[in-house]
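**Student:** Take this structure, written in structure tokens, and hold onto it; I'll ask about it next.
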Amino acid sequence: MLEAKANQCLISQLSGLNKAAGDVLRLEVLRVMARNAFGVLELAEIFEQRQSGMSHHLKVLADAGLVESRREGNSIFYSRALSSSGHPLSVWLQLLFTQIDSVPLRGELAERMQRVLDARAKASLEFFNKLAPGTRARQDLIAAHHIYADAVLALIEQGGICSELVLEVGPGEGEFLPDLSQRFARVIALDNSPVMLKRAQHYCSKLANVEWYEGDTQTLKPNMVGCAVINMVLHHTPAPAEVIHDISKALLPGGVLFVSELCQHDQEWVRETCGDVWLGFSPHELDQWAIDSGLNPGASRYLAQRNGFQLQIRQFFKPFTTIEE
């Protein structure tokens with residue numbers, strides 16, 4: 001009897017999923033959410049829909065379990081449901097998402113989506129260009145540099161990294177670059193803020209093996225580095241999953257990515273004070289973004305802070321054998 005009820009419940013869930021997915025606009029919403037989370041107003045802008053209409057479609061998708069909502073301060077963002085191997089319909093979900101992602105976005109949708117992401121990036125860039133001199137003091141309100149830097153260095157040393165070239169994305173004021181300079185023959189420092197890049201150059205003026213590049217991760221070339229580091233940066237970026245995807249492509253087979261990042265929290269004051277776009281991320285989110293980008297999760301450490309924040313220090317490996325996109 002219990003098994004019959006469970007089977008009936010599964011059929012009911014599958015029916016709901018198929019009904020929710022049986023609409024062209026809702027399928028396109030899921031396609032747009034492939035690597036990004038969006039608010040209702042952003043999606044209404046991308047699809048040129050009224051907010052009320054977009055809210056209805058999101059409710060249908062959420063009720064069916066195809067999207068998840070997450071409160072970021074006073075805003076609510078929607079993203080595709082993270083796959084779970086324990087869910088009885090996870091295979092169906094993964095097949096749906098895989099099929100959707102195989103279809104290129106319509107040109108006008110891609111353009112409007114990029115405008116939304118560009119607006120986020122512009123706001124973040126303006127914050128750091130304007131307030132760069134106080135960056136270190138503000139970051140110390142969340143977590144002092146040495147706390148996560150020491151943990152990342154420990155993972156690097158334990159991993160026995162063989163690469164001569166390392167990339168740091170978003171080096172800030174350059175505090176971590178001397179440590180990398182001592183352990184790697186060449187160091188690439190990449191930052192999209194010219195003001196922050198100049199401050200890092202000044203801080204590291206005596207380092208001869210650091211190369212400086214202004215730009216974002218989309219400018220990275222495939223298979224260029226064996227190791228990459230991104231410290232306390234993802235919560236400032238407009239599209240964190242895209243950043244991980246870009247870095248994955250830039251890694252050589254067998255390469256490794258080290259990430260230090262905030263765990264999900266509810267301290268909204270960091271938006272205005274520290275320029276944060278996101279209120280941290282769950283470990284499962286980082287895992288899923290990495291896996292979707294062809295990386296395998298490795299070692300991890302979690303550090304609690306007295307001010308209520310928690311840090312996650314993560315390691316992700318790129319397999320030696322990869323499937324070309």
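Naming works like this for the structure tokens: A, B, ... for the chains as they're shown, residue 1 at the start of each chain, ligands 1 onward in shown order.
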Pick out the residues sitting within 12 Å of range 97-111 of chain A, and hand them over as a ChimeraX atom specification; count only C-alpha atoms, and ignore anything fewer than 2 positions along from it in its own chain.

**Tutor:** /A:21,24-35,42-48,66-67,80-83,90-95,113-118,292,325

**Student:** Sorted by chain and rising residue number, which residues of range 52-155 of chain A lie within 7 Å of range 228-247 of chain A, and what are their closest atom pairs and distances in Å to one decimal, counting only C-alpha atoms, as JSON lines?

**Tutor:**
{"residue": "A:Leu117", "atom": "CA", "partner": "A:Pro238", "partner_atom": "CA", "distance": 5.9}
{"residue": "A:Arg120", "atom": "CA", "partner": "A:Pro238", "partner_atom": "CA", "distance": 5.3}
{"residue": "A:Ala121", "atom": "CA", "partner": "A:Pro238", "partner_atom": "CA", "distance": 5.5}
{"residue": "A:Ser124", "atom": "CA", "partner": "A:His236", "partner_atom": "CA", "distance": 6.7}

**Student:** May I have the residues from that selection written out with N, CA and C atoms, as an mmCIF file, in the first residue's frame?

**Tutor:**
data_model
loop_
_atom_site.group_PDB
_atom_site.id
_atom_site.type_symbol
_atom_site.label_atom_id
_atom_site.label_comp_id
_atom_site.auth_asym_id
_atom_site.auth_seq_id
_atom_site.Cartn_x
_atom_site.Cartn_y
_atom_site.Cartn_z
ATOM 1 N N LEU A 117 23.336 41.708 -16.882
ATOM 2 C CA LEU A 117 24.593 41.335 -16.228
ATOM 3 C C LEU A 117 25.604 42.475 -16.282
ATOM 4 N N ARG A 120 24.893 44.961 -13.542
ATOM 5 C CA ARG A 120 25.418 44.487 -12.251
ATOM 6 C C ARG A 120 26.920 44.721 -12.174
ATOM 7 N N ALA A 121 27.622 44.338 -13.231
ATOM 8 C CA ALA A 121 29.077 44.470 -13.244
ATOM 9 C C ALA A 121 29.496 45.936 -13.137
ATOM 10 N N SER A 124 29.212 47.150 -9.536
ATOM 11 C CA SER A 124 30.291 46.608 -8.712
ATOM 12 C C SER A 124 31.614 47.298 -9.021
#

**Student:** Can you list every residue in range 58-186 of chain A that DSSP puts in alpha helix (DSSP H), as a PyMOL selection string?

**Tutor:** chain A and resi 58-63+90-101+107-131+135-140+145-159+177-183

**Student:** Please provide as a PDB file with N, CA and C atoms, in the first residue's frame all residues within 10 Å of range 181-187 of chain A, with the sequence filter that same-chain residues fewer than 2 positions apart are discarded (counting only C-alpha atoms).

**Tutor:**
ATOM      1  N   LEU A 153      46.710  28.548   1.311  1.00  0.00           N
ATOM      2  CA  LEU A 153      48.109  28.144   1.142  1.00  0.00           C
ATOM      3  C   LEU A 153      48.332  26.715   1.640  1.00  0.00           C
ATOM      4  N   ILE A 156      47.148  24.430  -1.024  1.00  0.00           N
ATOM      5  CA  ILE A 156      48.076  24.442  -2.153  1.00  0.00           C
ATOM      6  C   ILE A 156      49.293  23.570  -1.860  1.00  0.00           C
ATOM      7  N   GLU A 157      49.826  23.715  -0.668  1.00  0.00           N
ATOM      8  CA  GLU A 157      51.026  22.951  -0.308  1.00  0.00           C
ATOM      9  C   GLU A 157      50.724  21.465  -0.137  1.00  0.00           C
ATOM     10  N   ILE A 161      51.047  20.940  -6.067  1.00  0.00           N
ATOM     11  CA  ILE A 161      50.784  21.480  -7.401  1.00  0.00           C
ATOM     12  C   ILE A 161      52.075  21.525  -8.216  1.00  0.00           C
ATOM     13  N   CYS A 162      52.000  20.983  -9.437  1.00  0.00           N
ATOM     14  CA  CYS A 162      53.191  20.904 -10.291  1.00  0.00           C
ATOM     15  C   CYS A 162      53.301  22.073 -11.272  1.00  0.00           C
ATOM     16  N   SER A 163      52.263  22.852 -11.432  1.00  0.00           N
ATOM     17  CA  SER A 163      52.264  23.918 -12.425  1.00  0.00           C
ATOM     18  C   SER A 163      53.261  25.024 -12.076  1.00  0.00           C
ATOM     19  N   GLU A 164      53.868  25.601 -13.114  1.00  0.00           N
ATOM     20  CA  GLU A 164      54.759  26.742 -12.919  1.00  0.00           C
ATOM     21  C   GLU A 164      54.005  28.060 -13.009  1.00  0.00           C
ATOM     22  N   LEU A 165      52.775  28.016 -13.521  1.00  0.00           N
ATOM     23  CA  LEU A 165      52.002  29.237 -13.754  1.00  0.00           C
ATOM     24  C   LEU A 165      50.705  29.193 -12.953  1.00  0.00           C
ATOM     25  N   VAL A 166      50.444  30.253 -12.184  1.00  0.00           N
ATOM     26  CA  VAL A 166      49.234  30.344 -11.384  1.00  0.00           C
ATOM     27  C   VAL A 166      48.508  31.636 -11.729  1.00  0.00           C
ATOM     28  N   LEU A 167      47.196  31.595 -11.693  1.00  0.00           N
ATOM     29  CA  LEU A 167      46.341  32.751 -11.963  1.00  0.00           C
ATOM     30  C   LEU A 167      45.598  33.134 -10.690  1.00  0.00           C
ATOM     31  N   GLU A 168      45.627  34.419 -10.333  1.00  0.00           N
ATOM     32  CA  GLU A 168      44.741  34.899  -9.272  1.00  0.00           C
ATOM     33  C   GLU A 168      43.742  35.861  -9.886  1.00  0.00           C
ATOM     34  N   PHE A 176      47.818  38.611  -1.442  1.00  0.00           N
ATOM     35  CA  PHE A 176      48.099  37.183  -1.603  1.00  0.00           C
ATOM     36  C   PHE A 176      49.172  36.916  -2.653  1.00  0.00           C
ATOM     37  N   LEU A 177      49.460  37.906  -3.488  1.00  0.00           N
ATOM     38  CA  LEU A 177      50.394  37.702  -4.597  1.00  0.00           C
ATOM     39  C   LEU A 177      51.817  37.362  -4.140  1.00  0.00           C
ATOM     40  N   PRO A 178      52.366  37.968  -3.074  1.00  0.00           N
ATOM     41  CA  PRO A 178      53.711  37.561  -2.645  1.00  0.00           C
ATOM     42  C   PRO A 178      53.798  36.083  -2.277  1.00  0.00           C
ATOM     43  N   ASP A 179      52.745  35.552  -1.650  1.00  0.00           N
ATOM     44  CA  ASP A 179      52.738  34.127  -1.303  1.00  0.00           C
ATOM     45  C   ASP A 179      52.755  33.263  -2.558  1.00  0.00           C
ATOM     46  N   ALA A 189      47.989  38.140 -12.497  1.00  0.00           N
ATOM     47  CA  ALA A 189      46.998  38.836 -11.677  1.00  0.00           C
ATOM     48  C   ALA A 189      45.983  39.479 -12.608  1.00  0.00           C
ATOM     49  N   LEU A 190      44.721  39.056 -12.498  1.00  0.00           N
ATOM     50  CA  LEU A 190      43.657  39.538 -13.387  1.00  0.00           C
ATOM     51  C   LEU A 190      42.600  40.280 -12.571  1.00  0.00           C
ATOM     52  N   CYS A 204      52.914  45.270  -4.756  1.00  0.00           N
ATOM     53  CA  CYS A 204      53.810  44.180  -5.182  1.00  0.00           C
ATOM     54  C   CYS A 204      54.900  44.677  -6.122  1.00  0.00           C
ATOM     55  N   LEU A 207      57.999  42.510  -6.850  1.00  0.00           N
ATOM     56  CA  LEU A 207      57.859  41.149  -7.366  1.00  0.00           C
ATOM     57  C   LEU A 207      58.102  41.146  -8.870  1.00  0.00           C
ATOM     58  N   ALA A 208      59.089  40.373  -9.305  1.00  0.00           N
ATOM     59  CA  ALA A 208      59.471  40.386 -10.720  1.00  0.00           C
ATOM     60  C   ALA A 208      58.713  39.368 -11.562  1.00  0.00           C
ATOM     61  N   ASN A 209      58.048  38.412 -10.923  1.00  0.00           N
ATOM     62  CA  ASN A 209      57.415  37.335 -11.693  1.00  0.00           C
ATOM     63  C   ASN A 209      55.895  37.433 -11.746  1.00  0.00           C
ATOM     64  N   VAL A 210      55.360  38.628 -11.511  1.00  0.00           N
ATOM     65  CA  VAL A 210      53.912  38.844 -11.584  1.00  0.00           C
ATOM     66  C   VAL A 210      53.572  39.599 -12.861  1.00  0.00           C
ATOM     67  N   GLU A 211      52.599  39.078 -13.617  1.00  0.00           N
ATOM     68  CA  GLU A 211      52.120  39.711 -14.845  1.00  0.00           C
ATOM     69  C   GLU A 211      50.732  40.275 -14.596  1.00  0.00           C
ATOM     70  N   TRP A 212      50.479  41.498 -15.071  1.00  0.00           N
ATOM     71  CA  TRP A 212      49.254  42.208 -14.736  1.00  0.00           C
ATOM     72  C   TRP A 212      48.329  42.307 -15.946  1.00  0.00           C
ATOM     73  N   VAL A 225      46.550  27.805 -17.791  1.00  0.00           N
ATOM     74  CA  VAL A 225      47.194  27.737 -16.468  1.00  0.00           C
ATOM     75  C   VAL A 225      46.922  26.390 -15.816  1.00  0.00           C
ATOM     76  N   CYS A 227      46.964  26.184 -12.384  1.00  0.00           N
ATOM     77  CA  CYS A 227      46.413  26.461 -11.063  1.00  0.00           C
ATOM     78  C   CYS A 227      45.765  27.840 -11.084  1.00  0.00           C
ATOM     79  N   ALA A 228      44.633  27.979 -10.394  1.00  0.00           N
ATOM     80  CA  ALA A 228      43.936  29.265 -10.309  1.00  0.00           C
ATOM     81  C   ALA A 228      43.428  29.461  -8.883  1.00  0.00           C
TER      82      ALA A 228
END

**Student:** At what distance in Å, to one decimal, does CA of Pro253 in chain A lie from CA of Thr321 in chain A?

**Tutor:**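 About the pair CA of Thr321 in chain A and CA of Pro253 in chain A: they are 6.8 Å apart.
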
**Student:** Please return as a VMD selection string: the residues of range 293-325 of chain A that backbone DSSP assigns to strand (DSSP E or B).

**Tutor:** chain A and resid 296 to 304 310 to 317

**Student:** So that I can see what lies close to range 258-268 of chain A, please list as a list in words the residues with an atom at most 7 Å from it, counting only C-alpha atoms and leaving out residues fewer than 6 positions away in the same chain.

**Tutor:** Gly73, Tyr148, Val152, Ala228, Val229, Ile230, Asn231, Met232, Leu234, Leu279, Gly280, Phe281, Ser282, Phe309, Gln310, Leu311, Gln312, Ile313, Arg314, Gln315 and Phe316 of chain A

**Student:** Write the residues you've just listed into a file as a PDB file, in the first residue's frame, and include N, CA, C and O atoms for each of them.

**Tutor:**
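Wrote it out as result_23.pdb, contents follow:
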ATOM      1  N   GLY A  73      18.706  39.782   1.036  1.00  0.00           N
ATOM      2  CA  GLY A  73      18.279  41.031   1.635  1.00  0.00           C
ATOM      3  C   GLY A  73      16.814  41.294   1.330  1.00  0.00           C
ATOM      4  O   GLY A  73      15.945  40.476   1.650  1.00  0.00           O
ATOM      5  N   TYR A 148      41.769  33.447   5.662  1.00  0.00           N
ATOM      6  CA  TYR A 148      41.526  32.556   4.530  1.00  0.00           C
ATOM      7  C   TYR A 148      42.795  32.305   3.724  1.00  0.00           C
ATOM      8  O   TYR A 148      42.956  31.246   3.129  1.00  0.00           O
ATOM      9  N   VAL A 152      44.110  28.654   2.352  1.00  0.00           N
ATOM     10  CA  VAL A 152      44.315  28.377   0.928  1.00  0.00           C
ATOM     11  C   VAL A 152      45.744  27.892   0.686  1.00  0.00           C
ATOM     12  O   VAL A 152      45.974  26.923  -0.051  1.00  0.00           O
ATOM     13  N   ALA A 228      44.633  27.979 -10.394  1.00  0.00           N
ATOM     14  CA  ALA A 228      43.936  29.265 -10.309  1.00  0.00           C
ATOM     15  C   ALA A 228      43.428  29.461  -8.883  1.00  0.00           C
ATOM     16  O   ALA A 228      43.067  28.504  -8.206  1.00  0.00           O
ATOM     17  N   VAL A 229      43.409  30.721  -8.460  1.00  0.00           N
ATOM     18  CA  VAL A 229      42.949  31.075  -7.115  1.00  0.00           C
ATOM     19  C   VAL A 229      41.967  32.226  -7.227  1.00  0.00           C
ATOM     20  O   VAL A 229      42.202  33.184  -7.985  1.00  0.00           O
ATOM     21  N   ILE A 230      40.871  32.140  -6.480  1.00  0.00           N
ATOM     22  CA  ILE A 230      39.916  33.245  -6.426  1.00  0.00           C
ATOM     23  C   ILE A 230      39.452  33.404  -4.982  1.00  0.00           C
ATOM     24  O   ILE A 230      38.695  32.587  -4.465  1.00  0.00           O
ATOM     25  N   ASN A 231      39.985  34.451  -4.331  1.00  0.00           N
ATOM     26  CA  ASN A 231      39.751  34.668  -2.911  1.00  0.00           C
ATOM     27  C   ASN A 231      38.723  35.765  -2.658  1.00  0.00           C
ATOM     28  O   ASN A 231      38.935  36.928  -3.047  1.00  0.00           O
ATOM     29  N   MET A 232      37.625  35.420  -2.040  1.00  0.00           N
ATOM     30  CA  MET A 232      36.618  36.383  -1.591  1.00  0.00           C
ATOM     31  C   MET A 232      36.193  37.335  -2.718  1.00  0.00           C
ATOM     32  O   MET A 232      36.076  38.546  -2.534  1.00  0.00           O
ATOM     33  N   LEU A 234      33.842  35.975  -5.561  1.00  0.00           N
ATOM     34  CA  LEU A 234      32.602  35.555  -6.226  1.00  0.00           C
ATOM     35  C   LEU A 234      31.383  36.337  -5.746  1.00  0.00           C
ATOM     36  O   LEU A 234      30.477  36.622  -6.536  1.00  0.00           O
ATOM     37  N   LEU A 279      24.865  37.499  -0.970  1.00  0.00           N
ATOM     38  CA  LEU A 279      25.081  37.249   0.453  1.00  0.00           C
ATOM     39  C   LEU A 279      25.629  35.832   0.646  1.00  0.00           C
ATOM     40  O   LEU A 279      25.019  34.982   1.290  1.00  0.00           O
ATOM     41  N   GLY A 280      26.788  35.578   0.073  1.00  0.00           N
ATOM     42  CA  GLY A 280      27.437  34.279   0.197  1.00  0.00           C
ATOM     43  C   GLY A 280      26.747  33.196  -0.618  1.00  0.00           C
ATOM     44  O   GLY A 280      25.763  33.447  -1.330  1.00  0.00           O
ATOM     45  N   PHE A 281      27.273  31.972  -0.513  1.00  0.00           N
ATOM     46  CA  PHE A 281      26.753  30.842  -1.278  1.00  0.00           C
ATOM     47  C   PHE A 281      26.809  29.579  -0.428  1.00  0.00           C
ATOM     48  O   PHE A 281      27.705  29.420   0.411  1.00  0.00           O
ATOM     49  N   SER A 282      25.898  28.673  -0.686  1.00  0.00           N
ATOM     50  CA  SER A 282      25.955  27.386   0.001  1.00  0.00           C
ATOM     51  C   SER A 282      27.043  26.521  -0.648  1.00  0.00           C
ATOM     52  O   SER A 282      27.325  26.671  -1.847  1.00  0.00           O
ATOM     53  N   PHE A 309      29.890  35.404  10.326  1.00  0.00           N
ATOM     54  CA  PHE A 309      30.169  34.875   8.994  1.00  0.00           C
ATOM     55  C   PHE A 309      30.869  33.520   9.098  1.00  0.00           C
ATOM     56  O   PHE A 309      31.529  33.218  10.093  1.00  0.00           O
ATOM     57  N   GLN A 310      30.729  32.730   8.046  1.00  0.00           N
ATOM     58  CA  GLN A 310      31.457  31.479   7.938  1.00  0.00           C
ATOM     59  C   GLN A 310      32.124  31.437   6.575  1.00  0.00           C
ATOM     60  O   GLN A 310      31.512  31.782   5.560  1.00  0.00           O
ATOM     61  N   LEU A 311      33.385  31.016   6.550  1.00  0.00           N
ATOM     62  CA  LEU A 311      34.131  30.930   5.300  1.00  0.00           C
ATOM     63  C   LEU A 311      34.233  29.481   4.848  1.00  0.00           C
ATOM     64  O   LEU A 311      34.317  28.565   5.666  1.00  0.00           O
ATOM     65  N   GLN A 312      34.221  29.290   3.536  1.00  0.00           N
ATOM     66  CA  GLN A 312      34.478  27.969   2.963  1.00  0.00           C
ATOM     67  C   GLN A 312      35.703  28.069   2.068  1.00  0.00           C
ATOM     68  O   GLN A 312      35.820  28.960   1.230  1.00  0.00           O
ATOM     69  N   ILE A 313      36.658  27.180   2.294  1.00  0.00           N
ATOM     70  CA  ILE A 313      37.878  27.105   1.498  1.00  0.00           C
ATOM     71  C   ILE A 313      37.762  25.833   0.670  1.00  0.00           C
ATOM     72  O   ILE A 313      37.784  24.730   1.203  1.00  0.00           O
ATOM     73  N   ARG A 314      37.658  25.967  -0.655  1.00  0.00           N
ATOM     74  CA  ARG A 314      37.319  24.840  -1.504  1.00  0.00           C
ATOM     75  C   ARG A 314      38.404  24.563  -2.542  1.00  0.00           C
ATOM     76  O   ARG A 314      39.133  25.446  -2.962  1.00  0.00           O
ATOM     77  N   GLN A 315      38.443  23.316  -2.966  1.00  0.00           N
ATOM     78  CA  GLN A 315      39.401  22.856  -3.963  1.00  0.00           C
ATOM     79  C   GLN A 315      38.629  22.089  -5.039  1.00  0.00           C
ATOM     80  O   GLN A 315      37.808  21.225  -4.720  1.00  0.00           O
ATOM     81  N   PHE A 316      38.894  22.419  -6.311  1.00  0.00           N
ATOM     82  CA  PHE A 316      38.219  21.751  -7.420  1.00  0.00           C
ATOM     83  C   PHE A 316      39.261  21.350  -8.470  1.00  0.00           C
ATOM     84  O   PHE A 316      40.134  22.143  -8.825  1.00  0.00           O
TER      85      PHE A 316
END

**Student:** Residues near Met196 in chain A, anyone? I mean within 8 Å using only C-alpha atoms, not counting same-chain ones fewer than 2 positions away, as a list of chain:residue names.

**Tutor:**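 In the requested format, the answer is A:Phe128, A:Asn129, A:Ala132, A:Gly172, A:Glu173, A:Asp191, A:Ser193, A:Pro194, A:Lys198, A:Arg199, A:Ala200.
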
**Student:** Please report the interatomic distance between CA of Gly39 in chain A and CA of Trp269 in chain A in Å with one decimal.

**Tutor:**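 If I compute the distance from CA of Gly39 in chain A to CA of Trp269 in chain A, I get 19.4 Å.
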
**Student:** So the first atom is CA of Pro222 in chain A and the second is CA of Asn36 in chain A; what is the distance between them in Å, to one decimal place?

**Tutor:**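 CA of Pro222 in chain A sits 21.6 Å away from CA of Asn36 in chain A.
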